[in-house]
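Visitor: Here's a structure for you.
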Amino acid sequence: MDNQAKIAEKIVEYGRRLYDRKYIVGAEGNLSARLDGGRIIITPAGMNKGYMKPSDLIICDMRGEKSEGAGQPSTEIKIHLAAYRNRPDVMAVCHAHPVYAVSFSVAGTALDMAVLPEMVGTLGGAPLVEYASPGSAELAANLEKYIDRYDAFLLQSHGVLTLGRSLEESFDRMETVERFAEILFTADGRGGADLLSSVETERLLKAAGRSNLINEIICAEDEENVSGE
Ligand SMILES: [Zn+2]
């Protein structure tokens, strides 16, 4: 099996996992991966991603022009292309509508608070990308404001986008975001989640190679600041 065939098999597998995890229903969600020669492979529009075959996938160039495949590429292809254009390190992109994370996105609340070391120490957080119509160039432009420093994004009133150096990593990041959202939601019924201290937040971000997010992730204020000294 050549590399392209292996990647196609993996996209089919991760589509099934997104569906099995109930992160997508109907024809929602999309997955893509970078191929050689300035091409990407992406899921088709209008199909349930839990039941795809490798032959359903579409090959496009970096402008979104189709070169292989019977159907049409995902209507969300512009945000995938924006990720590959802006981030040479990104090899795969995952987009889904997991319920807890989407509940934050429809409330206009970013998942950018330092609550769980697991989240801060892997992704830092997931910023809220301002609303624009799904599939629009404007949505891709809004995403580009954050894309240099994050690997997970909450698309306002819509869903979640995650980037990775592999399909596995982009899928794992989707799970991390949804788990974090579920825990925050659950903690709300118990008086809300505590924020980690700024010292601990800084330590976690530094260890994750994300020191550039120190002023963006919401953490507890230092006691000095609270007392106003
Ligand atoms: Zn979507």
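By convention in this document, the chains of the structure tokens carry letters A, B, ... by their order, each chain's residues are numbered from 1, and ligands are numbered from 1 in the order they are shown.
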From a DSSP calculation on the backbone, collect every residue of segment 4-228 of chain A in alpha helix (DSSP H) and output the set as JSON, numbers by chain.

Guide: {"A": [4, 5, 6, 7, 8, 9, 10, 11, 12, 13, 14, 15, 16, 17, 18, 19, 20, 77, 78, 79, 80, 81, 82, 83, 84, 85, 86, 99, 100, 101, 102, 103, 104, 105, 106, 117, 118, 119, 120, 137, 138, 139, 140, 141, 142, 143, 144, 167, 168, 169, 170, 171, 172, 173, 174, 175, 176, 177, 178, 179, 180, 181, 182, 183, 184, 185, 186, 187, 188, 198, 199, 200, 201, 202, 203, 204, 205, 206, 207, 223, 224, 225, 226, 227]}

Visitor: Tell me which protein, DNA and RNA residues are within 9 Å of Ser136 of chain A, counting only C-alpha atoms, leaving out same-chain ones fewer than 4 positions away, and put them as number ranges by chain.

Guide: A: 75-76, 78-79, 132, 140-141

Visitor: Could you write out the selected residues, including N, CA, C and O atoms, as a compact mmCIF listing (two decimals), in the first residue's frame?

Guide:
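Saved result, result30.txt, follows:
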```
# COMPACT_ATOMS: atom_id res chain seq x y z
N THR A 75 -17.24 21.30 2.07
CA THR A 75 -17.57 22.73 1.93
C THR A 75 -16.70 23.58 2.86
O THR A 75 -16.63 24.79 2.70
N GLU A 76 -16.05 22.92 3.84
CA GLU A 76 -15.18 23.65 4.78
C GLU A 76 -13.72 23.67 4.32
O GLU A 76 -12.82 23.94 5.12
N LYS A 78 -11.87 25.66 2.87
CA LYS A 78 -11.08 26.90 3.02
C LYS A 78 -10.36 26.97 4.36
O LYS A 78 -9.23 27.47 4.43
N ILE A 79 -10.98 26.46 5.44
CA ILE A 79 -10.27 26.51 6.73
C ILE A 79 -9.15 25.46 6.76
O ILE A 79 -8.11 25.68 7.39
N ALA A 132 -18.28 33.53 11.37
CA ALA A 132 -18.52 33.84 9.95
C ALA A 132 -19.19 32.60 9.38
O ALA A 132 -19.06 31.51 9.95
N ALA A 140 -12.19 31.62 7.24
CA ALA A 140 -10.76 31.28 7.14
C ALA A 140 -9.91 32.47 7.57
O ALA A 140 -8.90 32.31 8.26
N ALA A 141 -10.33 33.69 7.19
CA ALA A 141 -9.58 34.89 7.58
C ALA A 141 -9.63 35.09 9.09
O ALA A 141 -8.63 35.45 9.71
```

Visitor: Taking into account only C-alpha atoms, which residue in the set A:Asn212, A:Asn48, A:Gln4, A:Ser32 is nearest to Ser166 of chain A?

Guide: A:Ser32

Visitor: Pick out the residues no farther than 10 Å from ligand 1, counting only C-alpha atoms and all ligand atoms, and list them as a ChimeraX atom specification.

Guide: /A:24,27-30,74-76,95-97,133-135,155,157-161

Visitor: How would the residues just chosen look if you wrote them out with N, CA, C and O atoms as an mmCIF file, in the first residue's frame?

Guide:
```cif
data_model
loop_
_atom_site.group_PDB
_atom_site.id
_atom_site.type_symbol
_atom_site.label_atom_id
_atom_site.label_comp_id
_atom_site.auth_asym_id
_atom_site.auth_seq_id
_atom_site.Cartn_x
_atom_site.Cartn_y
_atom_site.Cartn_z
ATOM 1 N N ILE A 24 -19.802 13.951 15.543
ATOM 2 C CA ILE A 24 -20.476 14.369 14.304
ATOM 3 C C ILE A 24 -21.722 13.500 14.125
ATOM 4 O O ILE A 24 -21.756 12.357 14.603
ATOM 5 N N ALA A 27 -24.168 14.522 7.955
ATOM 6 C CA ALA A 27 -23.027 14.751 7.053
ATOM 7 C C ALA A 27 -22.032 15.751 7.641
ATOM 8 O O ALA A 27 -21.239 16.344 6.926
ATOM 9 N N GLU A 28 -22.080 15.937 8.987
ATOM 10 C CA GLU A 28 -21.200 16.927 9.624
ATOM 11 C C GLU A 28 -19.739 16.507 9.595
ATOM 12 O O GLU A 28 -19.414 15.349 9.432
ATOM 13 N N GLY A 29 -18.889 17.508 9.862
ATOM 14 C CA GLY A 29 -17.471 17.269 10.130
ATOM 15 C C GLY A 29 -16.662 16.998 8.875
ATOM 16 O O GLY A 29 -17.216 16.697 7.805
ATOM 17 N N ASN A 30 -15.368 17.144 9.011
ATOM 18 C CA ASN A 30 -14.473 16.834 7.892
ATOM 19 C C ASN A 30 -13.058 16.630 8.396
ATOM 20 O O ASN A 30 -12.686 17.094 9.474
ATOM 21 N N SER A 74 -15.073 18.761 0.798
ATOM 22 C CA SER A 74 -15.782 19.373 1.926
ATOM 23 C C SER A 74 -16.046 20.849 1.680
ATOM 24 O O SER A 74 -15.178 21.579 1.191
ATOM 25 N N THR A 75 -17.239 21.297 2.066
ATOM 26 C CA THR A 75 -17.569 22.727 1.932
ATOM 27 C C THR A 75 -16.698 23.581 2.858
ATOM 28 O O THR A 75 -16.634 24.794 2.699
ATOM 29 N N GLU A 76 -16.047 22.924 3.840
ATOM 30 C CA GLU A 76 -15.176 23.655 4.777
ATOM 31 C C GLU A 76 -13.722 23.666 4.323
ATOM 32 O O GLU A 76 -12.819 23.942 5.120
ATOM 33 N N HIS A 95 -12.169 18.587 11.847
ATOM 34 C CA HIS A 95 -13.245 19.510 12.220
ATOM 35 C C HIS A 95 -14.480 18.708 12.598
ATOM 36 O O HIS A 95 -14.905 17.816 11.861
ATOM 37 N N ALA A 96 -15.060 19.018 13.774
ATOM 38 C CA ALA A 96 -16.238 18.283 14.235
ATOM 39 C C ALA A 96 -17.104 19.192 15.094
ATOM 40 O O ALA A 96 -16.759 20.351 15.341
ATOM 41 N N HIS A 97 -18.247 18.648 15.536
ATOM 42 C CA HIS A 97 -19.216 19.405 16.328
ATOM 43 C C HIS A 97 -19.526 18.682 17.637
ATOM 44 O O HIS A 97 -20.678 18.337 17.911
ATOM 45 N N SER A 133 -19.910 32.741 8.261
ATOM 46 C CA SER A 133 -20.647 31.607 7.701
ATOM 47 C C SER A 133 -19.718 30.414 7.486
ATOM 48 O O SER A 133 -18.604 30.593 6.981
ATOM 49 N N PRO A 134 -20.193 29.202 7.841
ATOM 50 C CA PRO A 134 -19.403 28.008 7.559
ATOM 51 C C PRO A 134 -19.039 27.959 6.069
ATOM 52 O O PRO A 134 -19.869 28.253 5.217
ATOM 53 N N GLY A 135 -17.799 27.635 5.788
ATOM 54 C CA GLY A 135 -17.359 27.510 4.399
ATOM 55 C C GLY A 135 -16.889 28.812 3.769
ATOM 56 O O GLY A 135 -16.365 28.802 2.649
ATOM 57 N N LEU A 155 -14.853 27.453 16.900
ATOM 58 C CA LEU A 155 -15.466 28.319 15.890
ATOM 59 C C LEU A 155 -16.806 28.768 16.457
ATOM 60 O O LEU A 155 -17.678 27.937 16.749
ATOM 61 N N SER A 157 -20.395 29.702 17.497
ATOM 62 C CA SER A 157 -21.710 29.221 17.054
ATOM 63 C C SER A 157 -21.603 28.129 15.997
ATOM 64 O O SER A 157 -22.402 28.062 15.066
ATOM 65 N N HIS A 158 -20.597 27.265 16.122
ATOM 66 C CA HIS A 158 -20.370 26.270 15.077
ATOM 67 C C HIS A 158 -19.732 24.985 15.602
ATOM 68 O O HIS A 158 -20.433 23.992 15.792
ATOM 69 N N GLY A 159 -18.412 24.979 15.843
ATOM 70 C CA GLY A 159 -17.766 23.708 16.185
ATOM 71 C C GLY A 159 -16.318 23.886 16.569
ATOM 72 O O GLY A 159 -15.901 24.968 16.986
ATOM 73 N N VAL A 160 -15.544 22.821 16.404
ATOM 74 C CA VAL A 160 -14.139 22.797 16.827
ATOM 75 C C VAL A 160 -13.260 22.418 15.642
ATOM 76 O O VAL A 160 -13.627 21.569 14.825
ATOM 77 N N LEU A 161 -12.105 23.052 15.564
ATOM 78 C CA LEU A 161 -11.102 22.708 14.549
ATOM 79 C C LEU A 161 -9.810 22.385 15.282
ATOM 80 O O LEU A 161 -9.396 23.140 16.171
#
```

Visitor: Run DSSP on the backbone and tell me which residues of segment 74-215 of chain A come out as strand (DSSP E or B); list them as a VMD selection string.

Guide: chain A and resid 92 to 96 111 113 126 128 to 129 152 to 155 159 to 164 197

Visitor: In terms of the shortest atom-to-atom distance over only C-alpha atoms, which of A:Arg34, A:Lys206, A:Lys22, A:Arg190 is closest to Thr122 of chain A?

Guide: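 Comparing A:Arg34, A:Lys206, A:Lys22, A:Arg190 against Thr122 of chain A, the winner is A:Lys206.
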
Visitor: Could you build a table of the residues in segment 125-209 of chain A lying no more than 7 Å from segment 101-117 of chain A, giving for each the nearest pair of atoms and their separation in Å rounded to one decimal place, using only C-alpha atoms, ordered by chain and ascending residue number, as a Markdown table?

Guide:
```
| residue | atom | partner | partner_atom | distance |
| --- | --- | --- | --- | --- |
| A:Gly125 | CA | A:Asp112 | CA | 4.4 |
| A:Ala126 | CA | A:Leu111 | CA | 5.0 |
| A:Pro127 | CA | A:Ala110 | CA | 5.1 |
| A:Leu128 | CA | A:Ala110 | CA | 4.6 |
| A:Leu154 | CA | A:Ser105 | CA | 6.0 |
| A:Leu155 | CA | A:Ser105 | CA | 6.4 |
| A:Gln156 | CA | A:Ser105 | CA | 4.7 |
| A:Ser157 | CA | A:Val106 | CA | 4.0 |
| A:His158 | CA | A:Val102 | CA | 6.4 |
| A:Gly159 | CA | A:Val102 | CA | 5.2 |
| A:Val177 | CA | A:Ala101 | CA | 6.9 |
| A:Glu178 | CA | A:Ala101 | CA | 5.4 |
| A:Ala181 | CA | A:Ala101 | CA | 5.1 |
| A:Ala193 | CA | A:Val115 | CA | 6.7 |
| A:Asp194 | CA | A:Val115 | CA | 6.3 |
| A:Leu195 | CA | A:Val115 | CA | 4.9 |
| A:Leu196 | CA | A:Ala114 | CA | 5.5 |
| A:Thr201 | CA | A:Ala114 | CA | 6.4 |
| A:Leu204 | CA | A:Pro117 | CA | 6.9 |
```

Visitor: For each of A:Glu118, A:Asp56, A:Asp89, A:Glu9, take the minimum atom-to-atom distance to Ile183 of chain A, counting only C-alpha atoms, then give the residue where this is smallest.

Guide: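 Among A:Glu118, A:Asp56, A:Asp89, A:Glu9, it is A:Glu118 that comes nearest to Ile183 of chain A.
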
Visitor: Do a neighbour search on segment 85-87 of chain A at 8 Å with only C-alpha atoms, toss out local chain neighbours closer than 5 positions, and write the hits as a list in words.

Guide: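 Skipping anything fewer than 5 positions along the chain leaves Met62, Glu144, Ile147 and Asp148 of chain A.
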
Visitor: How far is it from atom CA of Lys10 of chain A to atom CA of Pro73 of chain A, in Å with one decimal?

Guide: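 Taking atom CA of Lys10 of chain A as the start and atom CA of Pro73 of chain A as the end point, the length is 17.3 Å.
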
Visitor: Interatomic distance between atom CA of Ser198 of chain A and atom CA of Asp151 of chain A?

Guide: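 Those two atoms sit 21.6 Å apart.
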
Visitor: Hey, which of A:Arg165, A:Arg21, A:Arg210, A:Arg179 ends up closest to Pro88 of chain A? Count only C-alpha atoms.

Guide: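 Of A:Arg165, A:Arg21, A:Arg210, A:Arg179, the one nearest Pro88 of chain A is A:Arg165, counting only C-alpha atoms.
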
Visitor: Could you pull the residues within 12 Å of Met91 of chain A, counting only C-alpha atoms, minus those fewer than 5 positions along the same chain, as a PDB file with N, CA, C and O atoms, in the first residue's frame?

Guide:
```
ATOM      1  N   ILE A   7      -2.834   6.877   4.039  1.00  0.00           N
ATOM      2  CA  ILE A   7      -3.454   8.078   4.616  1.00  0.00           C
ATOM      3  C   ILE A   7      -4.967   8.037   4.386  1.00  0.00           C
ATOM      4  O   ILE A   7      -5.751   8.373   5.279  1.00  0.00           O
ATOM      5  N   LEU A  31     -12.290  15.882   7.609  1.00  0.00           N
ATOM      6  CA  LEU A  31     -10.904  15.540   7.932  1.00  0.00           C
ATOM      7  C   LEU A  31     -10.071  15.731   6.676  1.00  0.00           C
ATOM      8  O   LEU A  31     -10.571  15.492   5.559  1.00  0.00           O
ATOM      9  N   SER A  32      -8.820  16.127   6.858  1.00  0.00           N
ATOM     10  CA  SER A  32      -7.931  16.173   5.701  1.00  0.00           C
ATOM     11  C   SER A  32      -6.510  15.888   6.148  1.00  0.00           C
ATOM     12  O   SER A  32      -6.205  15.918   7.348  1.00  0.00           O
ATOM     13  N   ALA A  33      -5.649  15.604   5.166  1.00  0.00           N
ATOM     14  CA  ALA A  33      -4.226  15.395   5.434  1.00  0.00           C
ATOM     15  C   ALA A  33      -3.429  15.929   4.256  1.00  0.00           C
ATOM     16  O   ALA A  33      -3.924  15.965   3.121  1.00  0.00           O
ATOM     17  N   ARG A  34      -2.206  16.347   4.558  1.00  0.00           N
ATOM     18  CA  ARG A  34      -1.328  16.873   3.519  1.00  0.00           C
ATOM     19  C   ARG A  34      -0.694  15.699   2.768  1.00  0.00           C
ATOM     20  O   ARG A  34      -0.243  14.731   3.389  1.00  0.00           O
ATOM     21  N   LEU A  35      -0.671  15.782   1.462  1.00  0.00           N
ATOM     22  CA  LEU A  35       0.037  14.803   0.624  1.00  0.00           C
ATOM     23  C   LEU A  35       1.264  15.497   0.036  1.00  0.00           C
ATOM     24  O   LEU A  35       1.405  16.715   0.155  1.00  0.00           O
ATOM     25  N   ASP A  36       2.115  14.734  -0.636  1.00  0.00           N
ATOM     26  CA  ASP A  36       3.259  15.385  -1.280  1.00  0.00           C
ATOM     27  C   ASP A  36       2.791  16.118  -2.553  1.00  0.00           C
ATOM     28  O   ASP A  36       1.640  15.992  -2.972  1.00  0.00           O
ATOM     29  N   GLY A  38       2.275  19.332  -3.016  1.00  0.00           N
ATOM     30  CA  GLY A  38       1.361  20.462  -2.817  1.00  0.00           C
ATOM     31  C   GLY A  38      -0.103  20.074  -2.932  1.00  0.00           C
ATOM     32  O   GLY A  38      -0.930  20.853  -3.388  1.00  0.00           O
ATOM     33  N   ARG A  39      -0.414  18.850  -2.498  1.00  0.00           N
ATOM     34  CA  ARG A  39      -1.808  18.391  -2.578  1.00  0.00           C
ATOM     35  C   ARG A  39      -2.318  18.037  -1.189  1.00  0.00           C
ATOM     36  O   ARG A  39      -1.540  17.778  -0.277  1.00  0.00           O
ATOM     37  N   ILE A  40      -3.647  17.997  -1.041  1.00  0.00           N
ATOM     38  CA  ILE A  40      -4.251  17.488   0.187  1.00  0.00           C
ATOM     39  C   ILE A  40      -5.307  16.439  -0.186  1.00  0.00           C
ATOM     40  O   ILE A  40      -5.825  16.423  -1.320  1.00  0.00           O
ATOM     41  N   ILE A  41      -5.602  15.574   0.791  1.00  0.00           N
ATOM     42  CA  ILE A  41      -6.704  14.616   0.636  1.00  0.00           C
ATOM     43  C   ILE A  41      -7.741  14.982   1.691  1.00  0.00           C
ATOM     44  O   ILE A  41      -7.398  15.214   2.851  1.00  0.00           O
ATOM     45  N   ILE A  42      -9.003  15.088   1.275  1.00  0.00           N
ATOM     46  CA  ILE A  42     -10.045  15.616   2.162  1.00  0.00           C
ATOM     47  C   ILE A  42     -11.335  14.825   2.001  1.00  0.00           C
ATOM     48  O   ILE A  42     -11.584  14.226   0.942  1.00  0.00           O
ATOM     49  N   HIS A  80      -9.323  24.353   6.059  1.00  0.00           N
ATOM     50  CA  HIS A  80      -8.246  23.360   5.968  1.00  0.00           C
ATOM     51  C   HIS A  80      -7.062  23.963   5.206  1.00  0.00           C
ATOM     52  O   HIS A  80      -5.912  23.865   5.640  1.00  0.00           O
ATOM     53  N   LEU A  81      -7.344  24.587   4.068  1.00  0.00           N
ATOM     54  CA  LEU A  81      -6.271  25.164   3.250  1.00  0.00           C
ATOM     55  C   LEU A  81      -5.560  26.287   4.002  1.00  0.00           C
ATOM     56  O   LEU A  81      -4.337  26.417   3.910  1.00  0.00           O
ATOM     57  N   ALA A  83      -5.062  26.408   7.152  1.00  0.00           N
ATOM     58  CA  ALA A  83      -4.164  25.756   8.113  1.00  0.00           C
ATOM     59  C   ALA A  83      -2.875  25.302   7.422  1.00  0.00           C
ATOM     60  O   ALA A  83      -1.771  25.555   7.917  1.00  0.00           O
ATOM     61  N   TYR A  84      -2.990  24.657   6.269  1.00  0.00           N
ATOM     62  CA  TYR A  84      -1.790  24.158   5.573  1.00  0.00           C
ATOM     63  C   TYR A  84      -0.933  25.300   5.027  1.00  0.00           C
ATOM     64  O   TYR A  84       0.294  25.230   5.033  1.00  0.00           O
ATOM     65  N   ARG A  85      -1.588  26.358   4.564  1.00  0.00           N
ATOM     66  CA  ARG A  85      -0.851  27.509   4.017  1.00  0.00           C
ATOM     67  C   ARG A  85      -0.044  28.226   5.090  1.00  0.00           C
ATOM     68  O   ARG A  85       1.109  28.584   4.868  1.00  0.00           O
ATOM     69  N   ASN A  86      -0.663  28.413   6.251  1.00  0.00           N
ATOM     70  CA  ASN A  86      -0.034  29.205   7.309  1.00  0.00           C
ATOM     71  C   ASN A  86       0.916  28.410   8.193  1.00  0.00           C
ATOM     72  O   ASN A  86       1.719  28.991   8.907  1.00  0.00           O
ATOM     73  N   ASP A 151      -3.307  25.253  18.295  1.00  0.00           N
ATOM     74  CA  ASP A 151      -3.562  24.052  17.500  1.00  0.00           C
ATOM     75  C   ASP A 151      -5.000  23.558  17.643  1.00  0.00           C
ATOM     76  O   ASP A 151      -5.366  22.520  17.094  1.00  0.00           O
ATOM     77  N   THR A 162      -9.165  21.272  14.923  1.00  0.00           N
ATOM     78  CA  THR A 162      -7.874  20.933  15.530  1.00  0.00           C
ATOM     79  C   THR A 162      -6.866  20.604  14.436  1.00  0.00           C
ATOM     80  O   THR A 162      -7.213  20.043  13.390  1.00  0.00           O
ATOM     81  N   LEU A 163      -5.604  20.954  14.702  1.00  0.00           N
ATOM     82  CA  LEU A 163      -4.504  20.715  13.771  1.00  0.00           C
ATOM     83  C   LEU A 163      -3.551  19.712  14.390  1.00  0.00           C
ATOM     84  O   LEU A 163      -3.471  19.616  15.614  1.00  0.00           O
ATOM     85  N   GLY A 164      -2.801  18.991  13.551  1.00  0.00           N
ATOM     86  CA  GLY A 164      -1.825  18.052  14.088  1.00  0.00           C
ATOM     87  C   GLY A 164      -0.720  17.743  13.110  1.00  0.00           C
ATOM     88  O   GLY A 164      -0.834  18.027  11.922  1.00  0.00           O
ATOM     89  N   ARG A 165       0.342  17.149  13.656  1.00  0.00           N
ATOM     90  CA  ARG A 165       1.434  16.688  12.797  1.00  0.00           C
ATOM     91  C   ARG A 165       1.082  15.336  12.178  1.00  0.00           C
ATOM     92  O   ARG A 165       1.836  14.790  11.368  1.00  0.00           O
ATOM     93  N   SER A 166      -0.064  14.795  12.586  1.00  0.00           N
ATOM     94  CA  SER A 166      -0.577  13.537  12.039  1.00  0.00           C
ATOM     95  C   SER A 166      -2.092  13.539  12.251  1.00  0.00           C
ATOM     96  O   SER A 166      -2.613  14.355  13.027  1.00  0.00           O
ATOM     97  N   LEU A 167      -2.779  12.602  11.593  1.00  0.00           N
ATOM     98  CA  LEU A 167      -4.226  12.469  11.813  1.00  0.00           C
ATOM     99  C   LEU A 167      -4.506  12.092  13.265  1.00  0.00           C
ATOM    100  O   LEU A 167      -5.454  12.591  13.874  1.00  0.00           O
ATOM    101  N   GLU A 168      -3.648  11.214  13.823  1.00  0.00           N
ATOM    102  CA  GLU A 168      -3.812  10.802  15.220  1.00  0.00           C
ATOM    103  C   GLU A 168      -3.788  12.027  16.133  1.00  0.00           C
ATOM    104  O   GLU A 168      -4.626  12.182  17.015  1.00  0.00           O
ATOM    105  N   GLU A 169      -2.787  12.883  15.909  1.00  0.00           N
ATOM    106  CA  GLU A 169      -2.645  14.040  16.793  1.00  0.00           C
ATOM    107  C   GLU A 169      -3.833  14.986  16.653  1.00  0.00           C
ATOM    108  O   GLU A 169      -4.341  15.510  17.647  1.00  0.00           O
ATOM    109  N   SER A 170      -4.303  15.213  15.431  1.00  0.00           N
ATOM    110  CA  SER A 170      -5.451  16.123  15.271  1.00  0.00           C
ATOM    111  C   SER A 170      -6.691  15.531  15.934  1.00  0.00           C
ATOM    112  O   SER A 170      -7.477  16.254  16.551  1.00  0.00           O
TER     113      SER A 170
END
```

Visitor: Can you work out the spacing between atom CA of Met52 of chain A and atom CA of Val12 of chain A in Å, to one decimal?

Guide: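 Atom-to-atom, atom CA of Met52 of chain A and atom CA of Val12 of chain A are spaced 5.8 Å apart.
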
Visitor: Determine the nearest neighbour of Met47 of chain A from the options A:Asp61, A:Ser67, A:Asp172, A:Gly15, counting only C-alpha atoms.

Guide: A:Gly15

Visitor: Write out as an MDAnalysis selection string the residues lying within 7 Å of Gly69 of chain A, counting only C-alpha atoms and excluding same-chain residues fewer than 2 positions away.

Guide: chainID A and resid 56:59 71
